[in-house]
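Asks: Contents of my_file28.tsv (TSV, C-alpha atoms):
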```
chain	number	residue	atom	x	y	z
A	31	MET	CA	88.66	90.52	43.07
A	32	PRO	CA	89.43	93.11	45.78
A	33	ALA	CA	91.81	92.09	48.54
A	34	SER	CA	90.19	91.43	51.87
A	35	ALA	CA	90.66	94.15	54.44
A	36	PRO	CA	92.91	93.33	57.39
A	37	ALA	CA	91.18	92.42	60.60
A	38	PRO	CA	90.78	95.39	62.90
A	39	ALA	CA	93.04	95.61	65.91
A	40	GLY	CA	90.05	95.41	68.23
A	41	GLY	CA	89.00	92.13	66.65
A	42	VAL	CA	92.43	90.60	67.18
A	43	VAL	CA	92.54	91.77	70.80
A	44	GLY	CA	89.01	90.53	71.39
A	45	ALA	CA	89.81	87.14	69.91
A	46	ALA	CA	92.91	86.88	72.09
A	47	ALA	CA	90.87	87.85	75.15
A	48	ARG	CA	88.24	85.22	74.37
A	49	LEU	CA	90.93	82.58	73.88
A	50	ALA	CA	92.57	83.50	77.19
A	51	ASP	CA	89.18	83.32	78.91
A	52	ARG	CA	88.58	79.85	77.52
A	53	MET	CA	91.97	78.74	78.82
A	54	ARG	CA	91.35	79.95	82.38
A	55	TRP	CA	90.65	76.37	83.44
A	56	PHE	CA	94.32	75.61	82.70
A	57	PHE	CA	96.14	78.84	83.53
A	58	LEU	CA	94.48	79.62	86.87
A	59	PRO	CA	95.35	76.32	88.62
A	60	VAL	CA	98.92	76.52	87.32
A	61	ALA	CA	99.22	80.15	88.45
A	62	LEU	CA	97.86	79.32	91.90
A	63	CYS	CA	100.27	76.38	92.23
A	64	ALA	CA	103.22	78.49	91.09
A	65	LEU	CA	102.46	81.36	93.47
A	66	VAL	CA	102.11	79.01	96.45
A	67	ALA	CA	105.35	77.25	95.47
A	68	VAL	CA	107.22	80.57	95.25
A	69	GLY	CA	105.92	81.65	98.66
A	70	THR	CA	106.81	78.30	100.18
A	71	HIS	CA	110.33	78.55	98.78
A	72	VAL	CA	110.80	82.04	100.22
A	73	ALA	CA	109.52	80.89	103.59
A	74	ALA	CA	111.78	77.83	103.49
A	75	ASP	CA	114.79	80.12	103.09
A	76	VAL	CA	113.86	81.83	106.36
A	77	VAL	CA	113.28	78.45	108.02
A	78	GLY	CA	116.67	77.29	106.75
A	79	GLU	CA	118.35	80.23	108.47
A	80	ARG	CA	116.70	79.34	111.78
A	81	ILE	CA	117.61	75.67	111.37
A	82	LEU	CA	121.23	76.64	110.70
A	83	TRP	CA	121.21	78.79	113.84
A	84	LEU	CA	119.85	75.84	115.84
A	85	VAL	CA	122.40	73.41	114.36
A	86	ASP	CA	125.22	75.85	115.15
A	87	ALA	CA	123.99	76.17	118.73
A	88	VAL	CA	123.80	72.39	119.18
A	89	ASP	CA	127.23	71.93	117.63
A	90	LYS	CA	128.69	74.61	119.88
A	91	GLY	CA	127.27	72.91	122.95
A	92	PHE	CA	128.54	69.52	121.79
A	93	ASP	CA	132.02	70.92	121.12
A	94	ALA	CA	132.14	72.48	124.57
A	95	LEU	CA	131.14	69.17	126.15
A	96	ALA	CA	133.41	66.98	124.04
A	97	GLY	CA	136.39	69.27	124.52
A	98	ARG	CA	136.45	68.65	128.27
A	99	TRP	CA	138.03	65.21	127.94
A	100	GLU	CA	141.03	64.16	125.97
A	101	LEU	CA	139.29	61.02	124.76
A	102	THR	CA	136.44	62.92	123.12
A	103	ALA	CA	138.44	65.99	122.06
A	104	PRO	CA	138.84	64.78	118.42
A	105	LEU	CA	135.05	64.85	118.08
A	106	VAL	CA	135.12	68.65	118.28
A	107	ASP	CA	135.98	68.84	114.58
A	108	LEU	CA	133.56	66.09	113.58
A	109	VAL	CA	130.98	68.47	112.05
A	110	GLY	CA	132.36	71.52	110.27
A	111	PRO	CA	130.63	74.65	108.91
A	112	ALA	CA	130.09	73.07	105.48
A	113	GLN	CA	128.37	70.04	106.98
A	114	ARG	CA	126.18	72.19	109.23
A	115	THR	CA	125.13	74.34	106.29
A	116	TRP	CA	124.34	71.25	104.24
A	117	MET	CA	122.21	69.76	107.02
A	118	ALA	CA	120.26	72.99	107.44
A	119	ARG	CA	119.64	73.30	103.71
A	120	ALA	CA	118.61	69.66	103.42
A	121	ALA	CA	116.15	70.00	106.29
A	122	ALA	CA	114.71	73.20	104.80
A	123	LEU	CA	114.35	71.52	101.39
A	124	ILE	CA	112.51	68.54	102.86
A	125	TRP	CA	110.27	70.94	104.80
A	126	GLU	CA	109.56	72.92	101.64
A	127	LEU	CA	108.73	69.84	99.56
A	128	ALA	CA	106.38	68.55	102.24
A	129	ALA	CA	104.61	71.92	102.37
A	130	ASP	CA	104.37	71.96	98.57
A	131	ALA	CA	102.73	68.54	98.69
A	132	LEU	CA	100.13	69.85	101.13
A	133	LEU	CA	99.49	73.28	99.62
A	134	ALA	CA	100.92	73.84	96.14
A	135	LEU	CA	99.96	70.57	94.44
A	136	ALA	CA	96.44	70.88	95.81
A	137	MET	CA	96.03	74.10	93.80
A	138	LEU	CA	96.11	72.11	90.54
A	139	GLY	CA	92.60	70.92	91.41
A	140	TYR	CA	91.20	74.44	91.51
A	141	ASP	CA	87.74	74.73	89.98
A	142	GLU	CA	86.57	78.31	89.48
A	143	HIS	CA	83.01	79.18	90.44
A	144	ALA	CA	80.91	82.05	89.20
A	145	ASP	CA	80.76	83.72	92.62
A	146	GLU	CA	83.92	82.94	94.56
A	147	VAL	CA	83.19	85.64	97.14
A	148	ALA	CA	79.89	84.03	98.12
A	149	ARG	CA	81.56	80.62	98.34
A	150	PHE	CA	84.30	82.04	100.55
A	151	ARG	CA	81.78	83.71	102.87
A	152	GLN	CA	79.77	80.52	103.18
A	153	LEU	CA	82.81	78.41	104.00
A	154	ALA	CA	84.23	81.03	106.37
A	155	ARG	CA	80.96	81.10	108.33
A	156	LYS	CA	81.02	77.31	108.46
A	157	ALA	CA	84.62	77.35	109.71
A	158	LEU	CA	83.70	79.80	112.47
A	159	ALA	CA	80.65	77.76	113.48
A	160	ARG	CA	82.41	74.37	113.32
A	161	PRO	CA	86.16	75.05	113.61
A	162	THR	CA	88.66	72.28	112.95
A	163	THR	CA	92.42	72.24	112.68
A	164	LEU	CA	92.12	71.73	108.94
A	165	ARG	CA	89.65	74.58	108.40
A	166	ILE	CA	91.82	77.01	110.34
A	167	VAL	CA	95.43	76.13	109.49
A	168	ARG	CA	95.27	75.30	105.78
A	169	PRO	CA	93.66	78.61	104.63
A	170	LEU	CA	95.82	80.72	106.97
A	171	ALA	CA	99.01	79.00	105.84
A	172	THR	CA	97.98	79.42	102.21
A	173	ALA	CA	97.28	83.11	102.77
A	174	ALA	CA	100.71	83.59	104.35
A	175	VAL	CA	102.69	81.84	101.62
A	176	THR	CA	100.77	83.46	98.76
A	177	LEU	CA	101.38	86.88	100.31
A	178	SER	CA	105.06	86.02	100.61
A	179	GLY	CA	105.13	84.78	97.02
A	180	SER	CA	103.42	87.95	95.78
A	181	CYS	CA	106.00	90.09	97.58
A	182	ALA	CA	108.86	88.02	96.16
A	183	VAL	CA	107.59	88.39	92.59
A	184	ALA	CA	107.01	92.12	93.10
A	185	ARG	CA	110.50	92.65	94.52
A	186	LEU	CA	112.04	90.76	91.60
A	187	LEU	CA	110.09	92.97	89.19
A	188	GLU	CA	111.15	96.09	91.07
A	189	GLY	CA	114.83	95.18	90.89
A	190	THR	CA	114.66	94.23	87.22
A	191	LEU	CA	112.92	97.46	86.25
A	192	TYR	CA	115.25	99.57	88.36
A	193	LEU	CA	118.36	98.13	86.73
A	194	GLY	CA	116.87	98.46	83.27
A	195	LEU	CA	115.57	102.02	83.69
A	196	ARG	CA	118.34	103.50	85.81
A	197	GLY	CA	120.31	104.55	82.73
A	198	PRO	CA	117.65	106.29	80.64
A	199	LEU	CA	115.46	107.63	83.48
A	200	GLY	CA	117.96	108.30	86.24
A	201	THR	CA	116.34	109.13	89.59
A	202	LEU	CA	112.86	108.44	88.23
A	203	SER	CA	113.66	104.74	87.90
A	204	GLY	CA	113.32	104.20	91.66
A	205	PRO	CA	109.77	105.54	92.16
A	206	LEU	CA	108.59	104.08	88.84
A	207	SER	CA	109.90	100.59	89.56
A	208	ARG	CA	108.52	100.73	93.10
A	209	ALA	CA	105.07	101.80	91.91
A	210	THR	CA	105.07	99.03	89.32
A	211	ALA	CA	106.04	96.49	91.98
A	212	VAL	CA	103.21	97.64	94.27
A	213	ALA	CA	100.73	97.37	91.39
A	214	ALA	CA	102.02	93.89	90.53
A	215	MET	CA	101.75	92.73	94.13
A	216	ALA	CA	98.21	94.11	94.41
A	217	GLY	CA	97.29	92.34	91.18
A	218	LEU	CA	98.68	89.01	92.36
A	219	VAL	CA	96.90	89.26	95.70
A	220	GLY	CA	93.64	90.45	94.19
A	221	PHE	CA	93.50	88.03	91.27
A	222	ILE	CA	95.40	84.90	92.33
A	223	ALA	CA	96.29	84.77	96.03
A	224	TRP	CA	92.77	85.07	97.40
A	225	ARG	CA	91.58	82.33	95.02
A	226	ALA	CA	94.25	80.08	96.50
A	227	VAL	CA	92.89	80.80	99.98
A	228	VAL	CA	89.36	79.99	98.82
A	229	HIS	CA	90.49	76.70	97.30
A	230	ALA	CA	92.45	75.81	100.46
A	231	LEU	CA	89.30	76.47	102.48
A	232	VAL	CA	87.25	74.31	100.09
A	233	GLN	CA	89.67	71.42	100.42
A	234	ALA	CA	89.98	71.82	104.18
A	235	ASP	CA	86.19	71.78	104.48
A	236	ALA	CA	85.92	68.63	102.37
A	237	LEU	CA	88.59	66.87	104.44
A	238	SER	CA	86.92	67.95	107.65
A	239	GLU	CA	83.56	66.61	106.49
A	240	SER	CA	85.09	63.23	105.65
A	241	LYS	CA	87.40	62.83	108.66
A	242	VAL	CA	85.88	64.69	111.58
A	243	ARG	CA	83.19	62.89	113.56
A	244	THR	CA	83.99	63.93	117.12
A	245	ARG	CA	85.39	67.00	118.87
A	246	ALA	CA	88.67	65.19	119.44
A	247	ARG	CA	88.99	64.48	115.73
A	248	ALA	CA	88.30	68.15	114.99
A	249	LEU	CA	91.58	68.88	116.75
A	250	THR	CA	93.68	65.89	115.71
A	251	ALA	CA	92.64	65.58	112.06
A	252	GLY	CA	95.31	67.38	110.08
A	253	LEU	CA	97.41	68.08	113.18
A	254	PRO	CA	100.71	66.75	111.73
A	255	GLY	CA	100.24	68.96	108.69
A	256	ALA	CA	99.44	71.91	110.90
A	257	ILE	CA	102.64	71.38	112.89
A	258	LEU	CA	104.50	71.38	109.60
A	259	LEU	CA	102.74	74.41	108.11
A	260	LEU	CA	102.48	76.83	111.03
A	261	PRO	CA	106.23	77.57	111.37
A	262	LEU	CA	106.44	77.92	107.61
A	263	ALA	CA	103.50	80.35	107.64
A	264	LEU	CA	105.20	82.49	110.29
A	265	ALA	CA	108.40	82.45	108.24
A	266	ALA	CA	106.40	83.47	105.16
A	267	LEU	CA	104.98	86.48	107.00
A	268	ARG	CA	108.47	87.45	108.07
A	269	ALA	CA	109.62	87.17	104.45
A	270	ALA	CA	106.82	89.46	103.23
A	271	PRO	CA	107.96	93.00	104.19
A	272	LEU	CA	105.03	94.98	102.79
A	273	LEU	CA	106.26	98.29	104.15
A	274	SER	CA	109.55	97.95	102.27
A	275	PHE	CA	107.76	98.95	99.05
A	276	LEU	CA	106.82	102.29	100.60
A	277	ARG	CA	110.32	103.40	101.61
```
Show the structure stored in the file as structure tokens.

Replies:
Amino acid sequence: MPASAPAPAGGVVGAAARLADRMRWFFLPVALCALVAVGTHVAADVVGERILWLVDAVDKGFDALAGRWELTAPLVDLVGPAQRTWMARAAALIWELAADALLALAMLGYDEHADEVARFRQLARKALARPTTLRIVRPLATAAVTLSGSCAVARLLEGTLYLGLRGPLGTLSGPLSRATAVAAMAGLVGFIAWRAVVHALVQADALSESKVRTRARALTAGLPGAILLLPLALAALRAAPLLSFLR
């Protein structure tokens, strides 16, 4: 009996592609959650630096005040640099975990639709016609942190490739690693990040429909989360130096 011929390479690739497509329901939510978590972590590092600056300023003012009197002079050394750094890092970590609870964990409920672009346009028009704090802040914050996360992943890829290719390719390793990083960032934004924004808008719209009944509620519903997310979103934009890939 003749031996069966090996499966063609195209058949193996096609089967793998079909399997990956069937598993999109699992991989896409996890990828969205991971990208948001990475961006939130990068933004929290920037927030931690600002918190440390603020703690140092408060401590400096307290030391200047306490040092005026002999009775309170021993309090000048009450909080040292190590304690100030620990407090700043702890505050940044709590901030990051709270933002992850609002943004990253919500991505695990992502449900892909056939036409995401049409869904986004519909929800965006609804947000413009009936704006609420939730409909505005959640998608914008998600966009900022996913952009920051995409940049962080791309920069990590650029550095890894540069170190690995510097020996065999020499001066070509820089442009090649940079081009690969730009392509990776574009892929993350085009395939994952915008889906995260769409899902954030879907969830914000659902929350607005269930919670908002008056104009006052349109402003106050989700306001504590917005106060938490807006500084983090600004920090994420600061941590996403897009032009650095073009230097």

Asks: Between A:Ile81, A:Ala174, A:Cys63, A:Val147, single out the one closest to Leu123 in chain A, counting only C-alpha atoms.

Replies: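 Of A:Ile81, A:Ala174, A:Cys63, A:Val147, the one nearest Leu123 in chain A is A:Ile81, counting only C-alpha atoms.
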
Asks: Which residue gives the smallest distance to Ala61 in chain A among A:Ala184, A:Leu218, A:Ala128, A:Leu164, with only C-alpha atoms counted?

Replies: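 So, comparing all the options, the nearest one is A:Leu218.
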
Asks: Nearest to His71 in chain A: which of A:Trp125, A:Trp116, A:Tyr140, A:Phe221 is it, counting all atoms listed in the file?

Replies: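 Once distances to His71 in chain A are computed over all atoms listed in the file, the minimum belongs to A:Trp125.
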
Asks: Go ahead and compute the interatomic distance for CA of Thr163 in chain A and CA of Glu146 in chain A, in Å to one decimal.

Replies: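 Separating CA of Thr163 in chain A from CA of Glu146 in chain A is a distance of 22.7 Å.
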
Asks: Compare A:Pro104, A:Pro169, A:Pro271, A:Gly189 by their minimum atom-to-atom distance to Ala256 in chain A, counting all atoms listed in the file, and give me the closest one.

Replies: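 Result for the nearest residue to Ala256 in chain A: A:Pro169.
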
Asks: So what do you get for CA of Ala134 in chain A versus CA of Gly252 in chain A, distance-wise?

Replies: 16.4 Å

Asks: Tell me which protein, DNA and RNA residues are within 8 Å of Gly139 in chain A, counting all atoms listed in the file, leaving out same-chain ones fewer than 3 positions away, and put them as a VMD selection string.

Replies: chain A and resid 59 135 to 136

Asks: For CA of His143 in chain A and CA of Lys241 in chain A, quote the distance in Å rounded to one decimal.

Replies: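 Separation of CA of His143 in chain A and CA of Lys241 in chain A: 24.9 Å.
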
Asks: Counting only C-alpha atoms, figure out which residue out of A:Leu95, A:Leu249, A:Leu260, A:Ala157 gets nearest to Leu231 in chain A.

Replies: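 Result for the nearest residue to Leu231 in chain A: A:Ala157.
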
Asks: From the set A:Val76, A:Glu126, A:Leu65, A:Asp86, which residue has the shortest atom-to-atom contact distance to Ala112 in chain A, counting only C-alpha atoms?

Replies: A:Asp86

Asks: What's around Tyr192 in chain A at 12 Å? Count only C-alpha atoms, leave out sequence neighbours fewer than 4 positions away in its own chain, and write the answer as a list in words.

Replies: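 Using only C-alpha atoms, the neighbours found are Arg185, Leu186, Leu187, Glu188, Arg196, Gly197, Pro198, Leu199, Gly200, Thr201, Leu202, Ser203, Gly204, Pro205, Leu206, Ser207, Arg208, Ala209, Thr210 and Ala211 of chain A.
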
Asks: Tell me, as a PyMOL selection string, which residues lie within 12 Å of Leu84 in chain A, counting only C-alpha atoms; anything in the same chain fewer than 3 positions away does not count.

Replies: chain A and resi 77-81+87-91+114-115+117-118+121

Asks: Enumerate, as a list of chain:residue names, the protein, DNA and RNA residues whose atoms approach (84.4, 65.5, 111.0) to within 12 Å, taking into account all atoms listed in the file and the coordinate frame of the file.

Replies: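 All residues meeting the 12 Å criterion around (84.4, 65.5, 111.0) are A:Ala157, A:Arg160, A:Pro161, A:Thr162, A:Thr163, A:Leu164, A:Arg165, A:Ala234, A:Asp235, A:Ala236, A:Leu237, A:Ser238, A:Glu239, A:Ser240, A:Lys241, A:Val242, A:Arg243, A:Thr244, A:Arg245, A:Ala246, A:Arg247, A:Ala248, A:Leu249, A:Thr250, A:Ala251, A:Gly252.
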
Asks: Taking (96.8, 81.6, 96.8) in the file's coordinates, which residues come within 7 Å, counting all atoms listed in the file, written as a list in words?

Replies: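 Residues with an atom at most 7 Å from (96.8, 81.6, 96.8): Leu62, Leu65, Val66, Thr172, Ala173, Thr176, Ile222, Ala223, Trp224, Arg225, Ala226 and Val227 of chain A.
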
Asks: Those residues you just picked out, can you put them in a file as a PDB file, in the coordinates of the input with C-alpha atoms?

Replies:
```
ATOM      1  CA  LEU A  62      97.860  79.320  91.900  1.00  0.00           C
ATOM      2  CA  LEU A  65     102.460  81.360  93.470  1.00  0.00           C
ATOM      3  CA  VAL A  66     102.110  79.010  96.450  1.00  0.00           C
ATOM      4  CA  THR A 172      97.980  79.420 102.210  1.00  0.00           C
ATOM      5  CA  ALA A 173      97.280  83.110 102.770  1.00  0.00           C
ATOM      6  CA  THR A 176     100.770  83.460  98.760  1.00  0.00           C
ATOM      7  CA  ILE A 222      95.400  84.900  92.330  1.00  0.00           C
ATOM      8  CA  ALA A 223      96.290  84.770  96.030  1.00  0.00           C
ATOM      9  CA  TRP A 224      92.770  85.070  97.400  1.00  0.00           C
ATOM     10  CA  ARG A 225      91.580  82.330  95.020  1.00  0.00           C
ATOM     11  CA  ALA A 226      94.250  80.080  96.500  1.00  0.00           C
ATOM     12  CA  VAL A 227      92.890  80.800  99.980  1.00  0.00           C
TER      13      VAL A 227
END
```
